[in-house]
Amino acid sequence: MVIKINDLVKKYGDLVALDHFSLEVKEGEIFGLLGPNGSGKTTAINCILALLTINSGTVEVFDKPMSPDAYDIKKDIGVVFQNVAVFNELTVYENINYFCGLYVIDKVKRAALVEEAIEFVGLQEFRKFYPKKLSGGLLRRLNIACGIAHKPKLIILDEPTVAVDPQSRNNILEGIVRLNKQGATIIYTTHYMEEVEEICTRIVIMDRGKIIASGTTQELKESVGSDENTTLNDVFLNLTGKELRD
Amino acid sequence: MFLHVFVNRLKCILGDRQIIFWTLMFPILLGTLFNLAFSNLASAENFSKISIAVVDSPAYQKSMLKTVIGFVSQAASSDSMFVVTLTDEKQAIDLLKNNKVEGYISMKNGPKLFVKQSGINQTIIKSFLDTTSQMESTFNSIVKSDPVKYQNPINLIQLQLSLTSNANLLKEVSASKSKPDTTVNYFYTLIAMACLYGGFLGLKEIGALQADLSTQGARINVAPVHKMKVLMGSLAAALLVNYAEILVVLAYLILVLKVNFGDQIGYILLLSLAGSMLGLSLGAFVTALVKKGEGVKIGILTGVSMMLSFFAGMMYVDIKYLITKNIPILGYLNPANLITDGFYSLYFYDDHTRFFINLGGVLVFTTLLCVGTYLVLRRRRYASI
């Protein structure tokens, strides 16, 4: 098992962000984590990464307990955060090299990995550009490159396609599938249902800190008694309701 | 790992124009403005020669007063005390009336000083006249005590010279042989302020390291590397930049603006390094401790730096002396004052006791701030992000 979360509770003061949340992610999956705003997706990811304190429950990654100093686990994890996490004062190459350098000390090996990551996200022509000179789509690609350059076994992508044009989004999705084919297990959160339908092998829908449905796209559709025209978006709204969220 | 972080953080800091402006260009601009504002202040404090008139008479010509006035009013000497006009009584009165002289001396019925008003210059002339009269009285007593010896004119001249040579004029000199100049304190506080502005570098580095402060920090926190290793590389880069900036500001003040920092360059560099460390640790501490936005932290750092610099005398030098005189403990609790006073003590004293007290204070503050920062940063999980 790549990830095993058992009975996890995380509170922000009186607000219960994760309410006895349990989850299993198997090797080789592209695992979709869906939910409305404030449902607890990002909190769940931050708990998996041992960034947040937890109130109770356990988190295991690669069958080992996850903790802030579990470096042997962390070296095999890559994270693409929702917000672009790069340094404006470093070029595209330098940013990828810097973050990759936190995982790979050997300079020669790292240089090859950085080149591979640049090629993977199609930023060859922009390697000397500073982030401020990049478009939103290119920035997202740089963000992804910084997270995956060290060739992790588990890649967590938190809404990586927010505010990018359809071409860039398509490019990113194709890249995620390629990473999966290369052997990486993917956890993918997004609000775009068609993306999930397109690439995810299994989906979990969560709301108010709990899992309210899980399965393949087809299984989810069947669970709400849908016909052949029903989309995942319909399933999502059926399960989480149509009222506006924060 | 250290070198990897150090080199890249160095690039990040040097590429941040805003931070370079505030930590390097701003102190240089402020120093230039100080120089323009204070260029005449030091000269205004210089002693001005006092114009006096002396009524010429046979009594004056035979008096010791004439000899002493001769000593203290030599036109070629920059140390001369008086500009003397030898005249008759009527013209002396006119000169006094028209404010051409501060007072006039007449030997009629014994040496007497005539002034139009009281003031420092008049007090100086009066003190001078009293001292000379006492000197003359002493001279006469000595001659009377051994009339045979002083029949010899050579002995008389030797006695007169020995007495008049005691009429030393007081001159303020610093122990480091530097020219006394109170305006240097403003420039010393400027360096203290520049050191504290190094806090912006501390803010930048801690901000880039904490998962709850930046996404870059979150990325570092999920990497398989101990946060303290990254912190060491980051702070080393920040310290190098801050110290280099302080040295550039110092060089500008010393070489371009000709501000006198004394001649003890080793100690100046040592205090500058300690000041850089202090500023950096202050910024790191504020950033780690205050759970508010970056704008609030910048505001706090700027406010604290300016307030501490103000109390060290940056805007009004007498504040420093008022605090030192009335609430000395506050002076020791003000890091900006410790840096300022450290430079001041190097400038004015040969003895390094006061310098090392100040340096020690700076290092104690730095240590406390570093420990405080560590206690906050050692936490490896966050309550919220």
# chains A, B, ... in the order shown; residues from 1 in each chain; ligands from 1
>>> select_by_dssp(residues="stretch 84-233 of chain A", states="strand (DSSP E or B)", output="number ranges by chain")
A: 154-158, 185-189, 202-207, 210-215
>>> write_last_selection(atoms="C-alpha atoms", output="PDB file, in the first residue's frame")
ATOM      1  CA  LEU A 154       4.461   8.979  -5.154  1.00  0.00           C
ATOM      2  CA  ILE A 155       3.357  12.286  -6.680  1.00  0.00           C
ATOM      3  CA  ILE A 156       0.744  14.439  -5.004  1.00  0.00           C
ATOM      4  CA  LEU A 157      -0.786  17.111  -7.215  1.00  0.00           C
ATOM      5  CA  ASP A 158      -3.051  19.637  -5.520  1.00  0.00           C
ATOM      6  CA  THR A 185       1.519   6.535  -8.058  1.00  0.00           C
ATOM      7  CA  ILE A 186      -0.501   9.742  -8.375  1.00  0.00           C
ATOM      8  CA  ILE A 187      -2.834  11.498  -5.991  1.00  0.00           C
ATOM      9  CA  TYR A 188      -4.717  14.168  -7.842  1.00  0.00           C
ATOM     10  CA  THR A 189      -7.079  16.805  -6.485  1.00  0.00           C
ATOM     11  CA  ARG A 202     -10.126   5.509  -8.775  1.00  0.00           C
ATOM     12  CA  ILE A 203     -11.948   8.423  -7.171  1.00  0.00           C
ATOM     13  CA  VAL A 204     -12.854   9.493  -3.679  1.00  0.00           C
ATOM     14  CA  ILE A 205     -15.384  12.253  -3.091  1.00  0.00           C
ATOM     15  CA  MET A 206     -15.154  13.936   0.277  1.00  0.00           C
ATOM     16  CA  ASP A 207     -17.274  16.533   2.014  1.00  0.00           C
ATOM     17  CA  LYS A 210     -15.475  12.724   5.434  1.00  0.00           C
ATOM     18  CA  ILE A 211     -15.446  10.368   2.469  1.00  0.00           C
ATOM     19  CA  ILE A 212     -18.949  10.237   1.059  1.00  0.00           C
ATOM     20  CA  ALA A 213     -18.268   8.057  -1.990  1.00  0.00           C
ATOM     21  CA  SER A 214     -15.447   6.120  -3.629  1.00  0.00           C
ATOM     22  CA  GLY A 215     -14.834   3.899  -6.624  1.00  0.00           C
TER      23      GLY A 215
END
>>> residues_around(residues="B:Leu269", least_positions_apart="4", cutoff="12 Å", atoms="only C-alpha atoms", output="count of residues only")
21
>>> residues_around(residues="A:Thr91", least_positions_apart="2", cutoff="8 Å", atoms="only C-alpha atoms", output="ChimeraX atom specification")
/A:88-89,93-95,127-131
>>> interface_residues(of="chain A", to="chain B", cutoff="8 Å", atoms="only C-alpha atoms", output="PyMOL selection string")
chain A and resi 12+49-53+68-75+79+81+83-90+94+98-99+101-103+105
>>> closest_residue(among="A:Leu123, A:Thr201, A:Pro166, A:Ser223", to="A:Val25", atoms="only C-alpha atoms")
A:Thr201
>>> closest_residue(among="B:Pro58, B:Val317, B:Leu196, B:Leu95", to="B:Leu282", atoms="only C-alpha atoms")
B:Leu196
>>> select_by_dssp(residues="stretch 39-135 of chain A", states="helix (DSSP H, G or I)", output="VMD selection string")
chain A and resid 41 to 48 71 to 74 92 to 101 107 to 120 124 to 126 131 to 133
>>> write_last_selection(atoms="C-alpha atoms", output="short mmCIF file (atom, residue, chain, number, x, y, z; two decimals), in the first residue's frame")
data_model
loop_
_atom_site.label_atom_id
_atom_site.label_comp_id
_atom_site.auth_asym_id
_atom_site.auth_seq_id
_atom_site.Cartn_x
_atom_site.Cartn_y
_atom_site.Cartn_z
CA LYS A 41 -8.77 17.78 0.47
CA THR A 42 -5.75 20.03 1.04
CA THR A 43 -5.82 19.32 4.77
CA ALA A 44 -5.74 15.60 4.02
CA ILE A 45 -2.75 16.08 1.71
CA ASN A 46 -0.92 18.20 4.29
CA CYS A 47 -1.53 15.51 6.89
CA ILE A 48 -0.18 12.84 4.54
CA TYR A 71 13.40 11.21 5.31
CA ASP A 72 13.52 7.73 3.80
CA ILE A 73 9.83 8.13 2.93
CA LYS A 74 10.01 11.77 1.92
CA VAL A 92 13.53 28.17 -14.47
CA TYR A 93 16.63 25.97 -14.44
CA GLU A 94 17.84 27.26 -11.08
CA ASN A 95 14.46 26.74 -9.44
CA ILE A 96 14.20 23.13 -10.57
CA ASN A 97 17.84 22.55 -9.67
CA TYR A 98 17.39 24.07 -6.20
CA PHE A 99 14.38 21.97 -5.22
CA CYS A 100 15.79 18.84 -6.86
CA GLY A 101 19.00 19.48 -4.89
CA LYS A 107 25.51 17.17 -9.04
CA VAL A 108 25.93 15.11 -12.23
CA LYS A 109 22.90 12.97 -11.51
CA ARG A 110 20.93 16.07 -10.56
CA ALA A 111 21.84 17.92 -13.74
CA ALA A 112 20.49 15.03 -15.80
CA LEU A 113 17.28 14.91 -13.75
CA VAL A 114 16.76 18.66 -14.10
CA GLU A 115 17.20 18.47 -17.86
CA GLU A 116 14.76 15.59 -18.00
CA ALA A 117 12.19 17.54 -15.95
CA ILE A 118 12.58 20.61 -18.16
CA GLU A 119 12.00 18.48 -21.21
CA PHE A 120 9.10 16.68 -19.57
CA GLN A 124 13.41 23.92 -22.90
CA GLU A 125 13.15 27.38 -24.43
CA PHE A 126 12.52 29.02 -21.09
CA PRO A 131 9.22 33.17 -13.22
CA LYS A 132 7.88 36.71 -13.59
CA LYS A 133 8.42 36.47 -17.33
#
>>> decode(residues="stretch 207-241 of chain A", atoms="N, CA and C atoms", output="compact mmCIF listing (two decimals), in the first residue's frame")
# COMPACT_ATOMS: atom_id res chain seq x y z
N ASP A 207 -16.55 15.32 1.65
CA ASP A 207 -17.27 16.53 2.01
C ASP A 207 -17.28 16.65 3.53
N ARG A 208 -17.06 17.84 3.99
CA ARG A 208 -17.03 18.13 5.44
C ARG A 208 -16.10 17.17 6.20
N GLY A 209 -14.97 16.89 5.59
CA GLY A 209 -13.95 16.09 6.26
C GLY A 209 -14.16 14.60 6.22
N LYS A 210 -15.19 14.16 5.48
CA LYS A 210 -15.48 12.72 5.43
C LYS A 210 -15.53 12.25 4.00
N ILE A 211 -15.27 10.95 3.80
CA ILE A 211 -15.45 10.37 2.47
C ILE A 211 -16.92 10.01 2.31
N ILE A 212 -17.52 10.54 1.24
CA ILE A 212 -18.95 10.24 1.06
C ILE A 212 -19.17 9.26 -0.09
N ALA A 213 -18.14 9.07 -0.92
CA ALA A 213 -18.27 8.06 -1.99
C ALA A 213 -16.89 7.72 -2.51
N SER A 214 -16.72 6.49 -3.03
CA SER A 214 -15.45 6.12 -3.63
C SER A 214 -15.65 5.03 -4.65
N GLY A 215 -14.74 4.92 -5.59
CA GLY A 215 -14.83 3.90 -6.62
C GLY A 215 -14.32 4.43 -7.95
N THR A 216 -14.53 3.63 -9.00
CA THR A 216 -14.16 4.12 -10.33
C THR A 216 -15.24 5.09 -10.79
N THR A 217 -15.00 5.76 -11.90
CA THR A 217 -15.99 6.70 -12.42
C THR A 217 -17.31 5.98 -12.66
N GLN A 218 -17.23 4.81 -13.27
CA GLN A 218 -18.44 4.04 -13.58
C GLN A 218 -19.17 3.64 -12.30
N GLU A 219 -18.42 3.19 -11.31
CA GLU A 219 -19.04 2.78 -10.04
C GLU A 219 -19.76 3.94 -9.37
N LEU A 220 -19.15 5.11 -9.44
CA LEU A 220 -19.77 6.29 -8.83
C LEU A 220 -21.06 6.66 -9.55
N LYS A 221 -21.00 6.59 -10.87
CA LYS A 221 -22.21 6.90 -11.64
C LYS A 221 -23.34 5.93 -11.30
N GLU A 222 -22.97 4.67 -11.21
CA GLU A 222 -23.97 3.64 -10.90
C GLU A 222 -24.54 3.81 -9.48
N SER A 223 -23.71 4.32 -8.60
CA SER A 223 -24.13 4.45 -7.19
C SER A 223 -25.26 5.46 -7.02
N VAL A 224 -25.37 6.39 -7.96
CA VAL A 224 -26.46 7.37 -7.84
C VAL A 224 -27.60 7.05 -8.81
N GLY A 225 -27.58 5.85 -9.39
CA GLY A 225 -28.64 5.41 -10.27
C GLY A 225 -28.76 6.24 -11.53
N SER A 226 -27.67 6.48 -12.19
CA SER A 226 -27.66 7.38 -13.33
C SER A 226 -27.91 6.63 -14.64
N ASP A 227 -28.18 7.40 -15.69
CA ASP A 227 -28.28 6.81 -17.02
C ASP A 227 -26.98 7.07 -17.77
N GLU A 228 -26.96 6.71 -19.04
CA GLU A 228 -25.71 6.81 -19.79
C GLU A 228 -25.25 8.24 -20.06
N ASN A 229 -26.19 9.21 -19.91
CA ASN A 229 -25.81 10.61 -20.13
C ASN A 229 -25.29 11.31 -18.88
N THR A 230 -25.36 10.62 -17.77
CA THR A 230 -24.91 11.23 -16.51
C THR A 230 -23.40 11.43 -16.52
N THR A 231 -23.01 12.62 -16.07
CA THR A 231 -21.57 12.91 -15.99
C THR A 231 -21.11 12.80 -14.54
N LEU A 232 -19.82 12.83 -14.38
CA LEU A 232 -19.26 12.82 -13.01
C LEU A 232 -19.67 14.08 -12.26
N ASN A 233 -19.83 15.16 -13.02
CA ASN A 233 -20.25 16.42 -12.42
C ASN A 233 -21.64 16.25 -11.78
N ASP A 234 -22.52 15.52 -12.48
CA ASP A 234 -23.86 15.27 -11.94
C ASP A 234 -23.76 14.44 -10.65
N VAL A 235 -22.92 13.47 -10.70
CA VAL A 235 -22.73 12.61 -9.51
C VAL A 235 -22.23 13.45 -8.34
N PHE A 236 -21.28 14.30 -8.64
CA PHE A 236 -20.66 15.15 -7.60
C PHE A 236 -21.72 16.04 -6.96
N LEU A 237 -22.53 16.70 -7.80
CA LEU A 237 -23.56 17.61 -7.28
C LEU A 237 -24.63 16.82 -6.52
N ASN A 238 -24.92 15.63 -7.02
CA ASN A 238 -25.91 14.79 -6.36
C ASN A 238 -25.45 14.41 -4.95
N LEU A 239 -24.15 14.16 -4.83
CA LEU A 239 -23.62 13.71 -3.53
C LEU A 239 -23.34 14.87 -2.56
N THR A 240 -22.88 15.98 -3.10
CA THR A 240 -22.44 17.07 -2.22
C THR A 240 -23.46 18.20 -2.12
N GLY A 241 -24.52 18.14 -2.93
CA GLY A 241 -25.55 19.18 -2.88
C GLY A 241 -25.22 20.36 -3.78
